[in-house]
$ cat final.cif   # mmCIF, C-alpha atoms and all ligand atoms
data_structure
#
loop_
_atom_site.label_atom_id
_atom_site.label_comp_id
_atom_site.auth_asym_id
_atom_site.auth_seq_id
_atom_site.Cartn_x
_atom_site.Cartn_y
_atom_site.Cartn_z
CA MET A 1301 -208.99 1.66 165.79
CA PRO A 1302 -212.77 1.12 165.56
CA ILE A 1303 -214.48 -0.91 168.32
CA GLN A 1304 -217.44 -1.93 166.11
CA SER A 1305 -217.03 -4.08 162.98
CA SER A 1306 -217.96 -2.16 159.81
CA PRO A 1307 -219.69 -3.84 156.82
CA HIS A 1308 -216.19 -4.20 155.29
CA ARG A 1309 -213.81 -4.82 158.20
CA TYR A 1310 -213.53 -6.70 161.51
CA SER A 1311 -213.28 -4.44 164.58
CA ALA A 1312 -210.09 -4.19 166.66
CA VAL A 1313 -211.85 -6.23 169.39
CA ALA A 1314 -212.82 -9.05 166.97
CA GLN A 1315 -209.27 -9.04 165.52
CA GLY A 1316 -207.79 -9.13 169.03
CA PHE A 1317 -209.92 -12.13 170.03
CA HIS A 1318 -209.12 -13.88 166.74
CA TRP A 1319 -205.34 -13.59 166.88
CA ILE A 1320 -204.90 -14.12 170.64
CA ILE A 1321 -207.05 -17.28 170.51
CA ALA A 1322 -205.33 -18.50 167.31
CA GLY A 1323 -201.95 -18.09 169.08
CA LEU A 1324 -203.25 -19.99 172.12
CA ILE A 1325 -204.55 -22.84 169.92
CA LEU A 1326 -201.11 -23.16 168.33
CA THR A 1327 -199.57 -23.22 171.84
CA GLN A 1328 -202.07 -25.90 172.88
CA PHE A 1329 -201.15 -28.21 170.01
CA THR A 1330 -197.43 -27.72 170.65
CA LEU A 1331 -197.76 -28.48 174.39
CA GLY A 1332 -200.24 -31.37 173.85
CA TRP A 1333 -198.04 -33.09 171.25
CA LEU A 1334 -194.79 -32.53 173.22
CA ALA A 1335 -196.40 -34.00 176.35
CA ASP A 1336 -197.79 -36.91 174.35
CA ASP A 1337 -194.26 -37.94 173.30
CA LEU A 1338 -192.93 -38.05 176.89
CA PRO A 1339 -193.10 -40.89 179.43
CA LEU A 1340 -195.01 -40.16 182.65
CA GLY A 1341 -192.80 -37.93 184.82
CA MET A 1342 -192.22 -34.37 186.07
CA ARG A 1343 -191.54 -32.91 182.59
CA LYS A 1344 -194.74 -34.36 181.12
CA LEU A 1345 -196.83 -33.16 184.11
CA ALA A 1346 -195.29 -29.67 183.89
CA LEU A 1347 -196.14 -29.43 180.17
CA LEU A 1348 -199.68 -30.67 180.83
CA ALA A 1349 -200.11 -28.15 183.68
CA ARG A 1350 -199.25 -25.35 181.19
CA HIS A 1351 -201.54 -26.97 178.61
CA LYS A 1352 -204.42 -26.96 181.11
CA SER A 1353 -203.81 -23.33 182.16
CA PHE A 1354 -203.68 -22.05 178.58
CA GLY A 1355 -206.66 -24.27 177.70
CA MET A 1356 -208.77 -22.78 180.50
CA THR A 1357 -207.71 -19.33 179.24
CA VAL A 1358 -209.14 -20.31 175.83
CA LEU A 1359 -212.42 -21.23 177.57
CA MET A 1360 -212.65 -17.85 179.35
CA LEU A 1361 -211.81 -15.95 176.16
CA ALA A 1362 -214.29 -18.08 174.17
CA VAL A 1363 -217.11 -17.00 176.53
CA LEU A 1364 -216.18 -13.32 176.08
CA ARG A 1365 -215.70 -13.75 172.32
CA LEU A 1366 -219.06 -15.46 171.83
CA LEU A 1367 -220.85 -12.75 173.86
CA TRP A 1368 -219.10 -10.07 171.81
CA ARG A 1369 -219.99 -11.87 168.56
CA LEU A 1370 -223.70 -12.21 169.53
CA PHE A 1371 -224.00 -8.43 169.88
CA ASN A 1372 -221.65 -7.39 167.06
CA ARG A 1373 -222.30 -8.42 163.46
CA PRO A 1374 -219.22 -9.47 161.45
CA PRO A 1375 -218.59 -7.88 158.01
CA GLU A 1376 -220.52 -9.32 155.05
CA LEU A 1377 -218.84 -12.06 153.00
CA PRO A 1378 -217.70 -10.90 149.53
CA SER A 1379 -220.66 -10.92 147.11
CA GLY A 1380 -218.74 -12.95 144.48
CA MET A 1381 -218.54 -16.07 146.68
CA SER A 1382 -220.47 -19.14 145.50
CA LYS A 1383 -223.19 -20.71 147.65
CA THR A 1384 -220.89 -23.66 148.47
CA GLU A 1385 -218.07 -21.32 149.55
CA THR A 1386 -220.48 -19.32 151.72
CA ILE A 1387 -221.78 -22.48 153.41
CA LEU A 1388 -218.19 -23.73 153.94
CA ALA A 1389 -217.08 -20.39 155.42
CA ARG A 1390 -220.08 -20.12 157.78
CA GLY A 1391 -219.82 -23.84 158.68
CA THR A 1392 -216.11 -23.69 159.58
CA HIS A 1393 -216.61 -20.52 161.65
CA ALA A 1394 -219.53 -22.13 163.54
CA ALA A 1395 -217.49 -25.35 164.06
CA PHE A 1396 -214.62 -23.25 165.46
CA TYR A 1397 -216.94 -21.63 168.01
CA VAL A 1398 -218.24 -25.06 169.10
CA LEU A 1399 -214.67 -26.46 169.38
CA LEU A 1400 -213.43 -23.44 171.37
CA PHE A 1401 -215.80 -24.66 174.09
CA ALA A 1402 -215.70 -28.43 173.46
CA MET A 1403 -211.88 -28.72 173.61
CA PRO A 1404 -211.41 -27.10 177.04
CA LEU A 1405 -214.58 -28.69 178.47
CA THR A 1406 -213.58 -32.24 177.46
CA GLY A 1407 -210.05 -31.57 178.80
CA TRP A 1408 -211.36 -30.21 182.11
CA THR A 1409 -213.89 -33.05 182.55
CA MET A 1410 -211.24 -35.63 181.60
CA SER A 1411 -208.92 -34.29 184.32
CA SER A 1412 -211.80 -34.32 186.85
CA ALA A 1413 -212.60 -37.95 185.93
CA LYS A 1414 -208.99 -38.87 186.82
CA ASN A 1415 -209.08 -36.64 189.94
CA TYR A 1416 -206.15 -34.56 188.55
CA SER A 1417 -206.53 -30.94 189.65
CA VAL A 1418 -206.76 -28.17 187.06
CA SER A 1419 -204.85 -25.11 188.25
CA TRP A 1420 -204.71 -21.76 186.48
CA PHE A 1421 -200.98 -20.92 186.37
CA GLY A 1422 -200.76 -21.86 190.08
CA LEU A 1423 -203.01 -18.93 191.02
CA PHE A 1424 -206.17 -20.92 191.80
CA THR A 1425 -207.69 -24.35 191.21
CA TRP A 1426 -210.80 -25.02 189.14
CA PRO A 1427 -213.40 -27.27 190.80
CA ASN A 1428 -213.81 -30.86 189.58
CA LEU A 1429 -216.74 -31.18 187.16
CA ILE A 1430 -217.43 -34.89 187.78
CA ALA A 1431 -216.50 -37.55 190.34
CA PRO A 1432 -213.52 -39.83 189.58
CA ASN A 1433 -214.52 -42.44 186.98
CA GLU A 1434 -212.04 -44.46 184.94
CA HIS A 1435 -214.54 -45.32 182.17
CA ALA A 1436 -215.53 -41.64 181.74
CA PHE A 1437 -211.81 -40.71 181.67
CA ASP A 1438 -211.11 -43.11 178.77
CA LEU A 1439 -214.14 -41.84 176.85
CA LEU A 1440 -213.31 -38.16 177.40
CA ARG A 1441 -209.65 -38.70 176.54
CA SER A 1442 -210.58 -40.28 173.20
CA THR A 1443 -213.10 -37.48 172.58
CA HIS A 1444 -210.46 -34.81 173.37
CA HIS A 1445 -208.03 -36.43 170.92
CA LEU A 1446 -210.71 -36.86 168.24
CA LEU A 1447 -211.86 -33.25 168.57
CA SER A 1448 -208.26 -32.03 168.38
CA ASP A 1449 -207.93 -33.86 165.03
CA ALA A 1450 -211.15 -32.21 163.83
CA LEU A 1451 -209.89 -28.79 165.00
CA LEU A 1452 -206.61 -29.32 163.16
CA ALA A 1453 -208.39 -30.31 159.93
CA ILE A 1454 -210.73 -27.31 160.11
CA ALA A 1455 -207.84 -24.95 160.90
CA ILE A 1456 -205.89 -26.17 157.85
CA LEU A 1457 -208.97 -25.69 155.63
CA HIS A 1458 -209.54 -22.23 157.16
CA ILE A 1459 -205.94 -21.09 156.62
CA LEU A 1460 -205.90 -22.40 153.02
CA ALA A 1461 -209.19 -20.56 152.38
CA ALA A 1462 -207.76 -17.30 153.82
CA LEU A 1463 -204.69 -17.62 151.58
CA LYS A 1464 -206.85 -18.44 148.54
CA HIS A 1465 -208.90 -15.29 149.14
CA HIS A 1466 -205.75 -13.20 149.40
CA PHE A 1467 -203.59 -14.57 146.60
CA TRP A 1468 -206.12 -16.11 144.17
CA ASN A 1469 -209.34 -14.10 144.53
CA LYS A 1470 -207.37 -10.98 145.52
CA ASP A 1471 -210.21 -9.75 147.76
CA ASP A 1472 -209.88 -8.15 151.20
CA VAL A 1473 -211.04 -11.14 153.33
CA LEU A 1474 -207.61 -11.67 154.92
CA ILE A 1475 -206.75 -7.98 155.19
CA ARG A 1476 -209.95 -7.13 157.05
CA MET A 1477 -208.92 -9.55 159.81
CA LEU A 1478 -205.35 -8.15 160.00
CA PRO A 1479 -204.57 -5.37 162.49
CA PHE A 1480 -202.68 -2.27 161.27
CA THR A 1481 -203.96 -2.62 157.68
CA LYS A 1482 -206.56 -0.80 155.59
CA SER A 1483 -209.25 -2.61 153.59
CA GLU A 1484 -210.13 0.05 151.00
CA LYS A 1485 -207.43 -0.87 148.45
CA ARG A 1486 -208.78 -4.29 147.37
CA LYS A 1487 -212.18 -5.62 146.21
C1 LIG B 1 -208.45 -25.13 173.08
C2 LIG B 1 -208.09 -25.90 174.06
C3 LIG B 1 -207.34 -27.21 173.90
C4 LIG B 1 -206.75 -27.78 172.80
C5 LIG B 1 -206.69 -27.26 171.38
C6 LIG B 1 -206.18 -29.04 173.24
C7 LIG B 1 -205.49 -29.91 172.42
C8 LIG B 1 -204.85 -31.06 172.85
C9 LIG B 1 -204.01 -31.89 172.05
C10 LIG B 1 -203.69 -31.66 170.56
C11 LIG B 1 -203.56 -32.91 172.81
C12 LIG B 1 -202.64 -34.07 172.37
C13 LIG B 1 -203.52 -35.11 171.75
C14 LIG B 1 -202.74 -36.16 171.04
O1 LIG B 1 -201.66 -36.53 171.50
O2 LIG B 1 -203.22 -36.64 170.01
C15 LIG B 1 -204.12 -32.73 174.14
C16 LIG B 1 -203.91 -33.57 175.21
C17 LIG B 1 -204.37 -33.33 176.49
N1 LIG B 1 -205.17 -32.29 176.89
FE1 LIG B 1 -205.82 -30.77 175.75
N2 LIG B 1 -206.44 -29.20 174.57
C18 LIG B 1 -207.14 -28.10 175.02
C19 LIG B 1 -207.57 -27.84 176.31
C20 LIG B 1 -207.34 -28.67 177.40
C21 LIG B 1 -207.76 -28.39 178.75
C22 LIG B 1 -208.51 -27.13 179.20
C23 LIG B 1 -207.37 -29.44 179.52
C24 LIG B 1 -207.57 -29.70 180.99
C25 LIG B 1 -208.04 -28.80 181.86
C26 LIG B 1 -206.68 -30.38 178.64
C27 LIG B 1 -206.11 -31.57 179.06
C28 LIG B 1 -205.38 -32.41 178.26
C29 LIG B 1 -204.71 -33.60 178.74
C30 LIG B 1 -204.71 -34.10 180.20
C31 LIG B 1 -204.09 -34.18 177.64
C32 LIG B 1 -203.24 -35.48 177.62
C33 LIG B 1 -204.20 -36.62 177.44
C34 LIG B 1 -203.46 -37.93 177.33
O3 LIG B 1 -202.92 -38.35 178.34
O4 LIG B 1 -203.46 -38.50 176.25
N3 LIG B 1 -206.69 -29.88 177.35
N4 LIG B 1 -204.91 -31.60 174.13
C1 LIG B 2 -206.59 -22.28 164.75
C2 LIG B 2 -206.61 -20.99 164.85
C3 LIG B 2 -207.79 -20.19 164.32
C4 LIG B 2 -209.08 -20.15 164.76
C5 LIG B 2 -209.68 -20.94 165.94
C6 LIG B 2 -209.79 -19.22 163.91
C7 LIG B 2 -211.14 -18.92 164.05
C8 LIG B 2 -211.83 -18.01 163.27
C9 LIG B 2 -213.23 -17.69 163.43
C10 LIG B 2 -214.17 -18.28 164.48
C11 LIG B 2 -213.53 -16.75 162.51
C12 LIG B 2 -214.90 -16.09 162.29
C13 LIG B 2 -214.92 -14.80 163.04
C14 LIG B 2 -216.32 -14.29 163.24
O1 LIG B 2 -217.00 -13.98 162.26
O2 LIG B 2 -216.74 -14.20 164.39
C15 LIG B 2 -212.33 -16.49 161.76
C16 LIG B 2 -212.23 -15.60 160.72
C17 LIG B 2 -211.10 -15.42 159.96
N1 LIG B 2 -209.88 -16.06 160.13
FE1 LIG B 2 -209.40 -17.39 161.53
N2 LIG B 2 -208.93 -18.73 162.97
C18 LIG B 2 -207.69 -19.29 163.19
C19 LIG B 2 -206.53 -19.05 162.48
C20 LIG B 2 -206.45 -18.25 161.38
C21 LIG B 2 -205.24 -18.01 160.60
C22 LIG B 2 -203.86 -18.63 160.89
C23 LIG B 2 -205.58 -17.17 159.59
C24 LIG B 2 -204.72 -16.61 158.47
C25 LIG B 2 -204.03 -17.32 157.64
C26 LIG B 2 -206.99 -16.84 159.74
C27 LIG B 2 -207.70 -15.99 158.95
C28 LIG B 2 -209.02 -15.61 159.15
C29 LIG B 2 -209.71 -14.65 158.31
C30 LIG B 2 -209.12 -13.93 157.11
C31 LIG B 2 -211.01 -14.53 158.83
C32 LIG B 2 -212.13 -13.64 158.30
C33 LIG B 2 -213.05 -14.41 157.42
C34 LIG B 2 -214.17 -13.53 156.93
O3 LIG B 2 -213.96 -12.37 156.71
O4 LIG B 2 -215.28 -14.04 156.79
N3 LIG B 2 -207.47 -17.52 160.84
N4 LIG B 2 -211.30 -17.28 162.23
#
$ encode --input "final.cif" --output "C-alpha cells"
Amino acid sequence: MPIQSSPHRYSAVAQGFHWIIAGLILTQFTLGWLADDLPLGMRKLALLARHKSFGMTVLMLAVLRLLWRLFNRPPELPSGMSKTETILARGTHAAFYVLLFAMPLTGWTMSSAKNYSVSWFGLFTWPNLIAPNEHAFDLLRSTHHLLSDALLAIAILHILAALKHHFWNKDDVLIRMLPFTKSEKRK
C-alpha cells in the first residue's frame, strides 16, 4: 500500500486517518446523545468520561493528520466538476479540519470551566485550560452543541456528495478513499 497519495488516489496513511477519525466522530455523537438523555448520575458521568477520552484522541489524531496533510498533497478533484462543486468540496473539507480541532477544544475548555477533570481512559489527566468560571462554561457548552450541529450537517452533505460521485457521476472519488480497492477501473 503506497504511503504517498498519487494524483489519482489517497495514500494508505490518509485513508487510515480518514476512516479512524470518521469512526471516532460517530462514536462521539452516539456517546454525547446517549449521555444527554440521562439524568445526572454514575451512568451519565461514565459515558461522558468515555466521550472525553475519545474526543481527546480525535484532537491528537487531528494534529497528526493536519501535519501529514500539510506535507502530502491530496489527489486532484475530477476535472468534470463544476466550479460550485469544487468550492463546496474544498469548503467542507476545510470546515472538517477546523471542527476536528474546535470540537475537542471547546469540550476540553468547557470541562475546565466547570473544574471537571479530563482523563484519557484513566491513564493520565489533561491539565485544565482555564480557571473555573460558570459564565464561560455556559458559553462553551452552547458553542460545543452548536458546533456539533454544524459538524452533523456538514457530515451529511459530505456523505451524500460521496454517494452522488459513486452512483450518479460514476467517478472514482469514493473508491480512491476506500482501502483494499483499485482506482483504475472508473473515470
Ligand atoms: C470530535 C470531538 C467531539 C465531538 C464530535 C463531540 C460531540 C458532542 C455531542 C454531539 C454532544 C451532545 C450535544 C447535544 O446533546 O446536543 C456532546 C456533549 C458533550 N461533550 Fe463533546 N464532542 C467532542 C469532544 C469532546 C471533548 C474532547 C470533551 C471534553 C474533554 C467533550 C465534552 C462534552 C461534554 C461535557 C458534553 C455534555 C455537555 C452537556 O452537559 O450538555 N466533548 N459532545
Ligand atoms: C464525520 C465523519 C467524516 C469526516 C470528519 C470526514 C472528513 C473528510 C476530510 C477532511 C476529507 C478531505 C481529506 C483531505 O483531502 O485531506 C474527506 C474526504 C473524503 N471523504 Fe470523508 N469524512 C467523514 C466521513 C465520510 C464518510 C462516511 C464517507 C463515505 C460515505 C466519506 C467519504 C469521503 C471521500 C470519498 C473523500 C475523498 C474526497 C475527494 O477525493 O476529494 N467521508 N473526508
$ closest_residue --input "final.cif" --among "A:Ala1312, A:Leu1366, A:Ala1402, A:Ala1413" --to "ligand LIG 2 (chain B)" --atoms "all atoms listed in the file"
A:Leu1366
$ closest_residue --input "final.cif" --among "A:Asn1428, A:Ser1412, A:Ser1417, A:Ser1448" --to "ligand LIG 2 (chain B)" --atoms "only C-alpha atoms and all ligand atoms"
A:Ser1448
$ closest_residue --input "final.cif" --among "A:Ile1475, A:Met1403, A:Ile1459, A:Leu1370" --to "A:Leu1446" --atoms "all atoms listed in the file"
A:Met1403
$ closest_atom_pairs --input "final.cif" --of "stretch 1399-1483 of chain A" --to "stretch 1333-1356 of chain A" --cutoff "9 Å" --atoms "all atoms listed in the file" --output "Markdown table"
| residue | atom | partner | partner_atom | distance |
| --- | --- | --- | --- | --- |
| A:Met1403 | CA | A:Gly1355 | CA | 8.0 |
| A:Pro1404 | CA | A:Gly1355 | CA | 5.6 |
| A:Leu1405 | CA | A:Met1356 | CA | 8.5 |
| A:Gly1407 | CA | A:Lys1352 | CA | 7.6 |
| A:Trp1408 | CA | A:Lys1352 | CA | 7.7 |
| A:Val1418 | CA | A:Lys1352 | CA | 6.5 |
| A:Ser1419 | CA | A:Ser1353 | CA | 6.4 |
| A:Trp1420 | CA | A:Ser1353 | CA | 4.7 |
| A:Phe1421 | CA | A:Ser1353 | CA | 5.6 |
| A:Gly1422 | CA | A:Ser1353 | CA | 8.6 |
$ closest_residue --input "final.cif" --among "A:Leu1452, A:Ala1394, A:Val1473, A:Ile1320" --to "ligand LIG 1 (chain B)" --atoms "all atoms listed in the file"
A:Leu1452
$ residues_near_ligand --input "final.cif" --ligand "ligand LIG 2 (chain B)" --cutoff "6 Å" --atoms "all atoms listed in the file" --output "PyMOL selection string"
chain A and resi 1322+1325+1369+1374+1377+1393+1396-1397+1455+1459+1462+1473-1474+1477
$ write_last_selection --input "final.cif" --atoms "C-alpha atoms" --output "PDB file, keeping the file's coordinate frame"
ATOM      1  CA  ALA A1322    -205.330 -18.500 167.310  1.00  0.00           C
ATOM      2  CA  ILE A1325    -204.550 -22.840 169.920  1.00  0.00           C
ATOM      3  CA  ARG A1369    -219.990 -11.870 168.560  1.00  0.00           C
ATOM      4  CA  PRO A1374    -219.220  -9.470 161.450  1.00  0.00           C
ATOM      5  CA  LEU A1377    -218.840 -12.060 153.000  1.00  0.00           C
ATOM      6  CA  HIS A1393    -216.610 -20.520 161.650  1.00  0.00           C
ATOM      7  CA  PHE A1396    -214.620 -23.250 165.460  1.00  0.00           C
ATOM      8  CA  TYR A1397    -216.940 -21.630 168.010  1.00  0.00           C
ATOM      9  CA  ALA A1455    -207.840 -24.950 160.900  1.00  0.00           C
ATOM     10  CA  ILE A1459    -205.940 -21.090 156.620  1.00  0.00           C
ATOM     11  CA  ALA A1462    -207.760 -17.300 153.820  1.00  0.00           C
ATOM     12  CA  VAL A1473    -211.040 -11.140 153.330  1.00  0.00           C
ATOM     13  CA  LEU A1474    -207.610 -11.670 154.920  1.00  0.00           C
ATOM     14  CA  MET A1477    -208.920  -9.550 159.810  1.00  0.00           C
TER      15      MET A1477
END
$ closest_residue --input "final.cif" --among "A:Ile1454, A:Ser1411, A:Leu1388, A:Asp1471" --to "A:Ala1436" --atoms "all atoms listed in the file"
A:Ser1411
$ atom_distance --input "final.cif" --atom1 "atom CA of A:Phe1371" --atom2 "atom CA of A:Leu1451"
25.2 Å
$ atom_distance --input "final.cif" --atom1 "atom CA of A:Ala1431" --atom2 "atom CA of A:Ala1450"
27.6 Å
$ atom_distance --input "final.cif" --atom1 "atom C25 of ligand LIG 1 (chain B)" --atom2 "atom CA of A:Ala1314"
25.2 Å
$ decode --input "final.cif" --residues "stretch 1390-1450 of chain A" --atoms "C-alpha atoms" --output "PDB file, in the first residue's frame"
ATOM      1  CA  ARG A1390     -12.877  22.257  -0.682  1.00  0.00           C
ATOM      2  CA  GLY A1391     -15.067  24.249   1.758  1.00  0.00           C
ATOM      3  CA  THR A1392     -16.479  21.163   3.514  1.00  0.00           C
ATOM      4  CA  HIS A1393     -13.016  19.577   3.795  1.00  0.00           C
ATOM      5  CA  ALA A1394     -11.585  22.804   5.291  1.00  0.00           C
ATOM      6  CA  ALA A1395     -14.579  23.089   7.679  1.00  0.00           C
ATOM      7  CA  PHE A1396     -13.976  19.482   8.797  1.00  0.00           C
ATOM      8  CA  TYR A1397     -10.347  20.265   9.636  1.00  0.00           C
ATOM      9  CA  VAL A1398     -11.420  23.320  11.680  1.00  0.00           C
ATOM     10  CA  LEU A1399     -14.118  21.303  13.522  1.00  0.00           C
ATOM     11  CA  LEU A1400     -11.731  18.419  14.285  1.00  0.00           C
ATOM     12  CA  PHE A1401      -9.900  20.944  16.478  1.00  0.00           C
ATOM     13  CA  ALA A1402     -12.814  23.147  17.580  1.00  0.00           C
ATOM     14  CA  MET A1403     -14.971  20.271  18.903  1.00  0.00           C
ATOM     15  CA  PRO A1404     -12.374  18.791  21.292  1.00  0.00           C
ATOM     16  CA  LEU A1405     -11.033  22.221  22.311  1.00  0.00           C
ATOM     17  CA  THR A1406     -14.480  23.598  23.245  1.00  0.00           C
ATOM     18  CA  GLY A1407     -15.223  20.321  25.098  1.00  0.00           C
ATOM     19  CA  TRP A1408     -11.913  20.424  26.994  1.00  0.00           C
ATOM     20  CA  THR A1409     -12.259  24.137  27.875  1.00  0.00           C
ATOM     21  CA  MET A1410     -15.896  23.608  28.904  1.00  0.00           C
ATOM     22  CA  SER A1411     -14.844  20.842  31.318  1.00  0.00           C
ATOM     23  CA  SER A1412     -12.042  23.064  32.702  1.00  0.00           C
ATOM     24  CA  ALA A1413     -14.528  25.924  33.241  1.00  0.00           C
ATOM     25  CA  LYS A1414     -16.621  23.560  35.413  1.00  0.00           C
ATOM     26  CA  ASN A1415     -13.480  22.166  37.113  1.00  0.00           C
ATOM     27  CA  TYR A1416     -14.348  18.632  35.849  1.00  0.00           C
ATOM     28  CA  SER A1417     -11.133  16.717  35.139  1.00  0.00           C
ATOM     29  CA  VAL A1418     -10.464  15.338  31.663  1.00  0.00           C
ATOM     30  CA  SER A1419      -8.811  11.929  31.915  1.00  0.00           C
ATOM     31  CA  TRP A1420      -7.525   9.865  28.996  1.00  0.00           C
ATOM     32  CA  PHE A1421      -9.006   6.394  29.589  1.00  0.00           C
ATOM     33  CA  GLY A1422      -7.868   6.637  33.243  1.00  0.00           C
ATOM     34  CA  LEU A1423      -4.207   6.633  32.166  1.00  0.00           C
ATOM     35  CA  PHE A1424      -3.466  10.321  32.796  1.00  0.00           C
ATOM     36  CA  THR A1425      -5.280  13.621  33.332  1.00  0.00           C
ATOM     37  CA  TRP A1426      -5.121  16.581  30.970  1.00  0.00           C
ATOM     38  CA  PRO A1427      -4.411  19.957  32.629  1.00  0.00           C
ATOM     39  CA  ASN A1428      -7.244  22.481  32.998  1.00  0.00           C
ATOM     40  CA  LEU A1429      -7.126  25.104  30.236  1.00  0.00           C
ATOM     41  CA  ILE A1430      -8.953  27.865  32.161  1.00  0.00           C
ATOM     42  CA  ALA A1431      -9.936  28.620  35.760  1.00  0.00           C
ATOM     43  CA  PRO A1432     -13.447  27.640  36.921  1.00  0.00           C
ATOM     44  CA  ASN A1433     -15.999  30.114  35.521  1.00  0.00           C
ATOM     45  CA  GLU A1434     -19.733  29.426  35.326  1.00  0.00           C
ATOM     46  CA  HIS A1435     -20.388  32.038  32.616  1.00  0.00           C
ATOM     47  CA  ALA A1436     -17.602  30.640  30.394  1.00  0.00           C
ATOM     48  CA  PHE A1437     -18.990  27.116  30.983  1.00  0.00           C
ATOM     49  CA  ASP A1438     -22.459  28.109  29.708  1.00  0.00           C
ATOM     50  CA  LEU A1439     -20.972  29.839  26.668  1.00  0.00           C
ATOM     51  CA  LEU A1440     -18.647  26.942  25.804  1.00  0.00           C
ATOM     52  CA  ARG A1441     -21.396  24.379  26.321  1.00  0.00           C
ATOM     53  CA  SER A1442     -23.683  26.199  23.863  1.00  0.00           C
ATOM     54  CA  THR A1443     -20.763  26.546  21.426  1.00  0.00           C
ATOM     55  CA  HIS A1444     -19.955  22.807  21.705  1.00  0.00           C
ATOM     56  CA  HIS A1445     -23.605  21.939  20.974  1.00  0.00           C
ATOM     57  CA  LEU A1446     -23.834  24.439  18.101  1.00  0.00           C
ATOM     58  CA  LEU A1447     -20.609  23.172  16.522  1.00  0.00           C
ATOM     59  CA  SER A1448     -21.803  19.572  16.848  1.00  0.00           C
ATOM     60  CA  ASP A1449     -24.924  20.544  14.846  1.00  0.00           C
ATOM     61  CA  ALA A1450     -22.704  22.162  12.202  1.00  0.00           C
TER      62      ALA A1450
END
